[in-house]
Amino acid sequence: MTEKTLTRMDLAESVFREVGLSRNESASLVESVLQHVSDALAAGETVKISSFGTFSLREKSARVGRNPKTGDEVPISPRRVLTFRPSHLMKDRVSGGTE
Amino acid sequence: MIRSELIQKIADENPHLTQKHVEKIVNTVFDEIIEALAQGNRVELRGFGAFSVKARDARVGRNPRTGEAVQVEDKKVPFFKTGKLLRDRLNGKA
């Protein structure tokens, strides 16, 4: 099995096929979905898409890191990181596969 | 935000589409991502992030309650890596 990489274009193509809007409008709606999810996360919200998964934010505190090449200490400022927790449905579909 | 709120937001912005259509569009996007991963493919959405599948080797696990050793089969798990633009936005940099 060779691994393929899907992009926005492939998602837009699916919307075009499934819903029957123009290719252009399908592409802009796919973008709109990603934009709204990003906006909610940027506003600090958790995004829970039932039967897909949950995007949640974690606050990381400041710590001292090290440049692995030079050994120099570099301060790492506090930051927010995103974690994705897949739904049971997604986990089951992925582990079962359709090979 | 949950799925129905996402659908509502997009429906509000697109008054020419019916609620049913918007539901179908949103569902198609998420279903296609799951379908791609189920086939072992990657989904790369620049600026947002990438969904991929990671292989986990079989291992001997332990029942934390009884301490009993149990064989855990090798498996494939979904993985998401946040895109650069989104990561920056989360930290108020974009």
# chains A, B, ... in the order shown; residues from 1 in each chain; ligands from 1
>>> residues_around(residues="Lys84 of chain B", least_positions_apart="2", cutoff="8 Å", atoms="only C-alpha atoms", output="list in words")
Gly47, Phe48, Gly49, Thr82, Leu86, Arg87 and Asp88 of chain B
>>> closest_atom_pairs(of="chain B", to="chain A", cutoff="9 Å", atoms="only C-alpha atoms", output="JSON lines")
{"residue": "B:Met1", "atom": "CA", "partner": "A:Val47", "partner_atom": "CA", "distance": 4.7}
{"residue": "B:Ile2", "atom": "CA", "partner": "A:Lys48", "partner_atom": "CA", "distance": 4.7}
{"residue": "B:Arg3", "atom": "CA", "partner": "A:Ile49", "partner_atom": "CA", "distance": 4.8}
{"residue": "B:Ser4", "atom": "CA", "partner": "A:Ile49", "partner_atom": "CA", "distance": 8.5}
{"residue": "B:Leu6", "atom": "CA", "partner": "A:His36", "partner_atom": "CA", "distance": 7.0}
{"residue": "B:Ile7", "atom": "CA", "partner": "A:Val33", "partner_atom": "CA", "distance": 8.6}
{"residue": "B:Lys9", "atom": "CA", "partner": "A:His36", "partner_atom": "CA", "distance": 8.0}
{"residue": "B:Ile10", "atom": "CA", "partner": "A:Ser32", "partner_atom": "CA", "distance": 7.3}
{"residue": "B:His21", "atom": "CA", "partner": "A:Val19", "partner_atom": "CA", "distance": 7.0}
{"residue": "B:Val22", "atom": "CA", "partner": "A:Leu29", "partner_atom": "CA", "distance": 8.9}
{"residue": "B:Lys24", "atom": "CA", "partner": "A:Val19", "partner_atom": "CA", "distance": 6.9}
{"residue": "B:Ile25", "atom": "CA", "partner": "A:Val15", "partner_atom": "CA", "distance": 6.0}
{"residue": "B:Val26", "atom": "CA", "partner": "A:Val33", "partner_atom": "CA", "distance": 6.9}
{"residue": "B:Thr28", "atom": "CA", "partner": "A:Val15", "partner_atom": "CA", "distance": 6.3}
{"residue": "B:Val29", "atom": "CA", "partner": "A:Leu11", "partner_atom": "CA", "distance": 6.0}
{"residue": "B:Phe30", "atom": "CA", "partner": "A:Phe52", "partner_atom": "CA", "distance": 6.7}
{"residue": "B:Asp31", "atom": "CA", "partner": "A:Phe52", "partner_atom": "CA", "distance": 7.9}
{"residue": "B:Glu32", "atom": "CA", "partner": "A:Leu11", "partner_atom": "CA", "distance": 6.8}
{"residue": "B:Ile33", "atom": "CA", "partner": "A:Leu11", "partner_atom": "CA", "distance": 8.0}
{"residue": "B:Ile34", "atom": "CA", "partner": "A:Met90", "partner_atom": "CA", "distance": 6.1}
{"residue": "B:Glu35", "atom": "CA", "partner": "A:Arg93", "partner_atom": "CA", "distance": 7.9}
{"residue": "B:Ala36", "atom": "CA", "partner": "A:Leu6", "partner_atom": "CA", "distance": 7.5}
{"residue": "B:Leu37", "atom": "CA", "partner": "A:Val94", "partner_atom": "CA", "distance": 6.0}
{"residue": "B:Ala38", "atom": "CA", "partner": "A:Val94", "partner_atom": "CA", "distance": 4.3}
{"residue": "B:Gln39", "atom": "CA", "partner": "A:Thr98", "partner_atom": "CA", "distance": 5.8}
{"residue": "B:Gly40", "atom": "CA", "partner": "A:Glu3", "partner_atom": "CA", "distance": 6.4}
{"residue": "B:Asn41", "atom": "CA", "partner": "A:Lys4", "partner_atom": "CA", "distance": 5.0}
{"residue": "B:Arg42", "atom": "CA", "partner": "A:Thr5", "partner_atom": "CA", "distance": 4.7}
{"residue": "B:Val43", "atom": "CA", "partner": "A:Leu6", "partner_atom": "CA", "distance": 4.6}
{"residue": "B:Glu44", "atom": "CA", "partner": "A:Thr7", "partner_atom": "CA", "distance": 5.3}
{"residue": "B:Leu45", "atom": "CA", "partner": "A:Thr7", "partner_atom": "CA", "distance": 5.7}
{"residue": "B:Arg46", "atom": "CA", "partner": "A:Thr7", "partner_atom": "CA", "distance": 8.1}
{"residue": "B:Phe48", "atom": "CA", "partner": "A:Leu34", "partner_atom": "CA", "distance": 7.1}
{"residue": "B:Val53", "atom": "CA", "partner": "A:Val94", "partner_atom": "CA", "distance": 7.5}
{"residue": "B:Lys75", "atom": "CA", "partner": "A:Ser95", "partner_atom": "CA", "distance": 5.8}
{"residue": "B:Lys76", "atom": "CA", "partner": "A:Ser95", "partner_atom": "CA", "distance": 4.8}
{"residue": "B:Val77", "atom": "CA", "partner": "A:Ser95", "partner_atom": "CA", "distance": 6.2}
{"residue": "B:Pro78", "atom": "CA", "partner": "A:Lys91", "partner_atom": "CA", "distance": 6.5}
{"residue": "B:Phe79", "atom": "CA", "partner": "A:Phe84", "partner_atom": "CA", "distance": 7.6}
{"residue": "B:Phe80", "atom": "CA", "partner": "A:Phe84", "partner_atom": "CA", "distance": 6.1}
{"residue": "B:Lys81", "atom": "CA", "partner": "A:Thr83", "partner_atom": "CA", "distance": 8.3}
{"residue": "B:Thr82", "atom": "CA", "partner": "A:Leu82", "partner_atom": "CA", "distance": 6.8}
{"residue": "B:Leu86", "atom": "CA", "partner": "A:Ser38", "partner_atom": "CA", "distance": 6.6}
{"residue": "B:Arg87", "atom": "CA", "partner": "A:Val81", "partner_atom": "CA", "distance": 7.1}
{"residue": "B:Arg89", "atom": "CA", "partner": "A:Ala42", "partner_atom": "CA", "distance": 5.8}
{"residue": "B:Leu90", "atom": "CA", "partner": "A:Ala42", "partner_atom": "CA", "distance": 4.7}
{"residue": "B:Asn91", "atom": "CA", "partner": "A:Arg80", "partner_atom": "CA", "distance": 6.1}
{"residue": "B:Gly92", "atom": "CA", "partner": "A:Ala42", "partner_atom": "CA", "distance": 7.7}
>>> atom_distance(atom1="atom CA of Ser77 of chain A", atom2="atom CA of Leu85 of chain B")
18.0 Å
>>> atom_distance(atom1="atom CA of Asn63 of chain B", atom2="atom CA of Arg58 of chain A")
28.3 Å
>>> atom_distance(atom1="atom CA of Glu13 of chain B", atom2="atom CA of Ser56 of chain A")
25.1 Å
>>> select_by_dssp(residues="chain B", states="strand (DSSP E)", output="ChimeraX atom specification")
/B:42-45,49-56,59-62,69-72,75-82
>>> write_last_selection(atoms="N, CA, C and O atoms", output="short mmCIF file (atom, residue, chain, number, x, y, z; two decimals), in the first residue's frame")
data_model
loop_
_atom_site.label_atom_id
_atom_site.label_comp_id
_atom_site.auth_asym_id
_atom_site.auth_seq_id
_atom_site.Cartn_x
_atom_site.Cartn_y
_atom_site.Cartn_z
N ARG B 42 -2.21 10.21 4.70
CA ARG B 42 -1.98 11.42 5.48
C ARG B 42 -2.90 12.51 4.98
O ARG B 42 -3.23 12.54 3.78
N VAL B 43 -3.29 13.44 5.84
CA VAL B 43 -4.06 14.59 5.39
C VAL B 43 -3.32 15.84 5.85
O VAL B 43 -3.13 16.04 7.05
N GLU B 44 -2.83 16.62 4.88
CA GLU B 44 -2.02 17.77 5.23
C GLU B 44 -2.77 19.05 4.89
O GLU B 44 -3.06 19.30 3.72
N LEU B 45 -3.10 19.83 5.90
CA LEU B 45 -3.85 21.05 5.71
C LEU B 45 -2.97 22.22 6.15
O LEU B 45 -2.92 22.57 7.33
N GLY B 49 -2.86 22.07 10.14
CA GLY B 49 -2.14 20.95 10.74
C GLY B 49 -2.20 19.74 9.85
O GLY B 49 -2.79 19.78 8.77
N ALA B 50 -1.59 18.64 10.30
CA ALA B 50 -1.57 17.42 9.51
C ALA B 50 -2.02 16.24 10.35
O ALA B 50 -1.60 16.08 11.49
N PHE B 51 -2.90 15.44 9.76
CA PHE B 51 -3.35 14.20 10.39
C PHE B 51 -2.57 13.05 9.76
O PHE B 51 -2.46 12.98 8.53
N SER B 52 -2.04 12.16 10.59
CA SER B 52 -1.33 11.01 10.05
C SER B 52 -1.59 9.80 10.94
O SER B 52 -2.26 9.90 11.96
N VAL B 53 -1.04 8.67 10.51
CA VAL B 53 -1.22 7.43 11.26
C VAL B 53 0.14 6.97 11.75
O VAL B 53 1.10 6.95 10.99
N LYS B 54 0.23 6.66 13.03
CA LYS B 54 1.49 6.15 13.57
C LYS B 54 1.32 4.69 13.97
O LYS B 54 0.28 4.30 14.49
N ALA B 55 2.37 3.92 13.71
CA ALA B 55 2.34 2.51 14.08
C ALA B 55 2.89 2.36 15.50
O ALA B 55 3.88 2.99 15.86
N ARG B 56 2.21 1.58 16.30
CA ARG B 56 2.70 1.27 17.65
C ARG B 56 3.02 -0.22 17.69
O ARG B 56 2.19 -1.04 17.32
N ARG B 59 3.50 -4.83 22.53
CA ARG B 59 4.29 -4.74 23.76
C ARG B 59 3.60 -5.55 24.85
O ARG B 59 2.43 -5.91 24.72
N VAL B 60 4.35 -5.78 25.93
CA VAL B 60 3.73 -6.43 27.07
C VAL B 60 3.29 -5.34 28.02
O VAL B 60 4.11 -4.59 28.55
N GLY B 61 2.00 -5.21 28.17
CA GLY B 61 1.47 -4.20 29.07
C GLY B 61 1.18 -4.83 30.42
O GLY B 61 1.45 -6.01 30.64
N ARG B 62 0.69 -4.01 31.32
CA ARG B 62 0.41 -4.53 32.65
C ARG B 62 -0.94 -3.99 33.11
O ARG B 62 -1.24 -2.83 32.92
N ALA B 69 0.64 -9.24 33.68
CA ALA B 69 1.16 -8.91 32.36
C ALA B 69 0.13 -9.28 31.29
O ALA B 69 -0.46 -10.35 31.34
N VAL B 70 -0.10 -8.37 30.35
CA VAL B 70 -1.00 -8.68 29.23
C VAL B 70 -0.32 -8.31 27.93
O VAL B 70 0.37 -7.29 27.83
N GLN B 71 -0.51 -9.13 26.92
CA GLN B 71 0.06 -8.86 25.60
C GLN B 71 -0.78 -7.79 24.90
O GLN B 71 -1.98 -7.93 24.79
N VAL B 72 -0.14 -6.70 24.47
CA VAL B 72 -0.84 -5.68 23.70
C VAL B 72 -0.39 -5.81 22.24
O VAL B 72 0.81 -5.75 21.95
N LYS B 75 -0.51 -1.85 16.83
CA LYS B 75 -1.69 -1.16 16.33
C LYS B 75 -1.33 0.14 15.65
O LYS B 75 -0.19 0.61 15.73
N LYS B 76 -2.31 0.73 14.99
CA LYS B 76 -2.11 2.02 14.33
C LYS B 76 -2.99 3.05 15.02
O LYS B 76 -4.14 2.78 15.33
N VAL B 77 -2.40 4.21 15.29
CA VAL B 77 -3.16 5.25 15.98
C VAL B 77 -3.11 6.56 15.19
O VAL B 77 -2.11 6.88 14.56
N PRO B 78 -4.23 7.32 15.22
CA PRO B 78 -4.25 8.61 14.55
C PRO B 78 -3.40 9.62 15.31
O PRO B 78 -3.29 9.55 16.54
N PHE B 79 -2.80 10.54 14.56
CA PHE B 79 -1.92 11.55 15.16
C PHE B 79 -2.16 12.87 14.48
O PHE B 79 -2.37 12.93 13.27
N PHE B 80 -2.15 13.97 15.25
CA PHE B 80 -2.33 15.30 14.68
C PHE B 80 -1.17 16.19 15.07
O PHE B 80 -0.78 16.23 16.23
N LYS B 81 -0.59 16.84 14.08
CA LYS B 81 0.47 17.80 14.37
C LYS B 81 -0.03 19.18 13.97
O LYS B 81 -0.44 19.39 12.83
N THR B 82 0.00 20.10 14.91
CA THR B 82 -0.50 21.45 14.66
C THR B 82 0.36 22.17 13.63
O THR B 82 1.59 22.08 13.67
#
>>> decode(residues="segment 14-28 of chain A", atoms="all heavy atoms", output="compact mmCIF listing (two decimals), in the first residue's frame")
# COMPACT_ATOMS: atom_id res chain seq x y z
N SER A 14 -14.24 16.24 -2.67
CA SER A 14 -15.27 15.39 -2.05
C SER A 14 -16.55 16.18 -1.82
O SER A 14 -17.64 15.67 -2.05
CB SER A 14 -14.79 14.84 -0.70
OG SER A 14 -13.60 14.13 -0.88
N VAL A 15 -16.40 17.42 -1.36
CA VAL A 15 -17.59 18.24 -1.13
C VAL A 15 -18.29 18.50 -2.46
O VAL A 15 -19.52 18.41 -2.57
CB VAL A 15 -17.21 19.58 -0.42
CG1 VAL A 15 -18.39 20.55 -0.40
CG2 VAL A 15 -16.73 19.31 0.99
N PHE A 16 -17.50 18.79 -3.47
CA PHE A 16 -18.03 18.99 -4.81
C PHE A 16 -18.84 17.77 -5.27
O PHE A 16 -19.96 17.89 -5.73
CB PHE A 16 -16.86 19.26 -5.78
CG PHE A 16 -17.22 19.20 -7.23
CD1 PHE A 16 -17.96 20.23 -7.82
CD2 PHE A 16 -16.82 18.12 -8.01
CE1 PHE A 16 -18.29 20.18 -9.17
CE2 PHE A 16 -17.15 18.07 -9.36
CZ PHE A 16 -17.89 19.10 -9.94
N ARG A 17 -18.28 16.58 -5.07
CA ARG A 17 -18.94 15.34 -5.49
C ARG A 17 -20.17 15.03 -4.66
O ARG A 17 -21.22 14.65 -5.19
CB ARG A 17 -17.95 14.16 -5.38
CG ARG A 17 -17.39 13.71 -6.70
CD ARG A 17 -16.60 12.40 -6.54
NE ARG A 17 -15.35 12.57 -5.82
CZ ARG A 17 -15.09 12.08 -4.61
NH1 ARG A 17 -16.00 11.37 -3.97
NH2 ARG A 17 -13.93 12.29 -4.04
N GLU A 18 -20.04 15.19 -3.32
CA GLU A 18 -21.12 14.79 -2.42
C GLU A 18 -22.27 15.78 -2.38
O GLU A 18 -23.42 15.40 -2.17
CB GLU A 18 -20.57 14.64 -0.99
CG GLU A 18 -19.51 13.57 -0.82
CD GLU A 18 -20.13 12.20 -0.64
OE1 GLU A 18 -21.23 12.13 -0.08
OE2 GLU A 18 -19.50 11.22 -1.06
N VAL A 19 -21.93 17.06 -2.48
CA VAL A 19 -22.95 18.08 -2.25
C VAL A 19 -23.42 18.74 -3.54
O VAL A 19 -24.55 19.22 -3.64
CB VAL A 19 -22.46 19.13 -1.22
CG1 VAL A 19 -23.57 20.06 -0.80
CG2 VAL A 19 -21.86 18.44 -0.01
N GLY A 20 -22.54 18.75 -4.54
CA GLY A 20 -22.96 19.28 -5.83
C GLY A 20 -22.91 20.79 -5.97
O GLY A 20 -23.58 21.37 -6.82
N LEU A 21 -22.09 21.45 -5.11
CA LEU A 21 -21.86 22.89 -5.30
C LEU A 21 -20.74 23.01 -6.34
O LEU A 21 -20.12 22.03 -6.71
CB LEU A 21 -21.42 23.53 -3.99
CG LEU A 21 -22.39 23.40 -2.82
CD1 LEU A 21 -21.73 23.82 -1.54
CD2 LEU A 21 -23.65 24.24 -3.09
N SER A 22 -20.45 24.23 -6.77
CA SER A 22 -19.36 24.42 -7.71
C SER A 22 -18.04 24.07 -7.02
O SER A 22 -17.95 24.05 -5.79
CB SER A 22 -19.32 25.87 -8.20
OG SER A 22 -18.83 26.69 -7.15
N ARG A 23 -17.00 23.82 -7.82
CA ARG A 23 -15.69 23.50 -7.25
C ARG A 23 -15.18 24.67 -6.41
O ARG A 23 -14.62 24.48 -5.33
CB ARG A 23 -14.68 23.20 -8.36
CG ARG A 23 -14.77 21.80 -8.88
CD ARG A 23 -13.46 21.35 -9.51
NE ARG A 23 -13.43 19.91 -9.69
CZ ARG A 23 -14.05 19.26 -10.66
NH1 ARG A 23 -14.77 19.94 -11.55
NH2 ARG A 23 -13.98 17.96 -10.76
N ASN A 24 -15.39 25.87 -6.94
CA ASN A 24 -14.94 27.06 -6.23
C ASN A 24 -15.59 27.21 -4.87
O ASN A 24 -14.93 27.47 -3.86
CB ASN A 24 -15.28 28.31 -7.05
CG ASN A 24 -14.05 28.88 -7.70
OD1 ASN A 24 -12.94 28.64 -7.22
ND2 ASN A 24 -14.24 29.60 -8.80
N GLU A 25 -16.91 27.08 -4.87
CA GLU A 25 -17.63 27.25 -3.61
C GLU A 25 -17.29 26.12 -2.64
O GLU A 25 -17.17 26.34 -1.43
CB GLU A 25 -19.15 27.32 -3.84
CG GLU A 25 -19.84 27.79 -2.57
CD GLU A 25 -21.31 28.12 -2.72
OE1 GLU A 25 -21.93 27.68 -3.71
OE2 GLU A 25 -21.84 28.79 -1.84
N SER A 26 -17.11 24.90 -3.16
CA SER A 26 -16.73 23.77 -2.31
C SER A 26 -15.41 24.07 -1.62
O SER A 26 -15.26 23.83 -0.42
CB SER A 26 -16.60 22.49 -3.14
OG SER A 26 -17.80 22.20 -3.79
N ALA A 27 -14.46 24.60 -2.38
CA ALA A 27 -13.14 24.91 -1.81
C ALA A 27 -13.26 25.99 -0.74
O ALA A 27 -12.63 25.89 0.32
CB ALA A 27 -12.18 25.37 -2.92
N SER A 28 -14.09 26.99 -0.98
CA SER A 28 -14.16 28.06 0.01
C SER A 28 -14.90 27.61 1.26
O SER A 28 -14.61 28.08 2.36
CB SER A 28 -14.72 29.35 -0.60
OG SER A 28 -16.11 29.38 -0.47
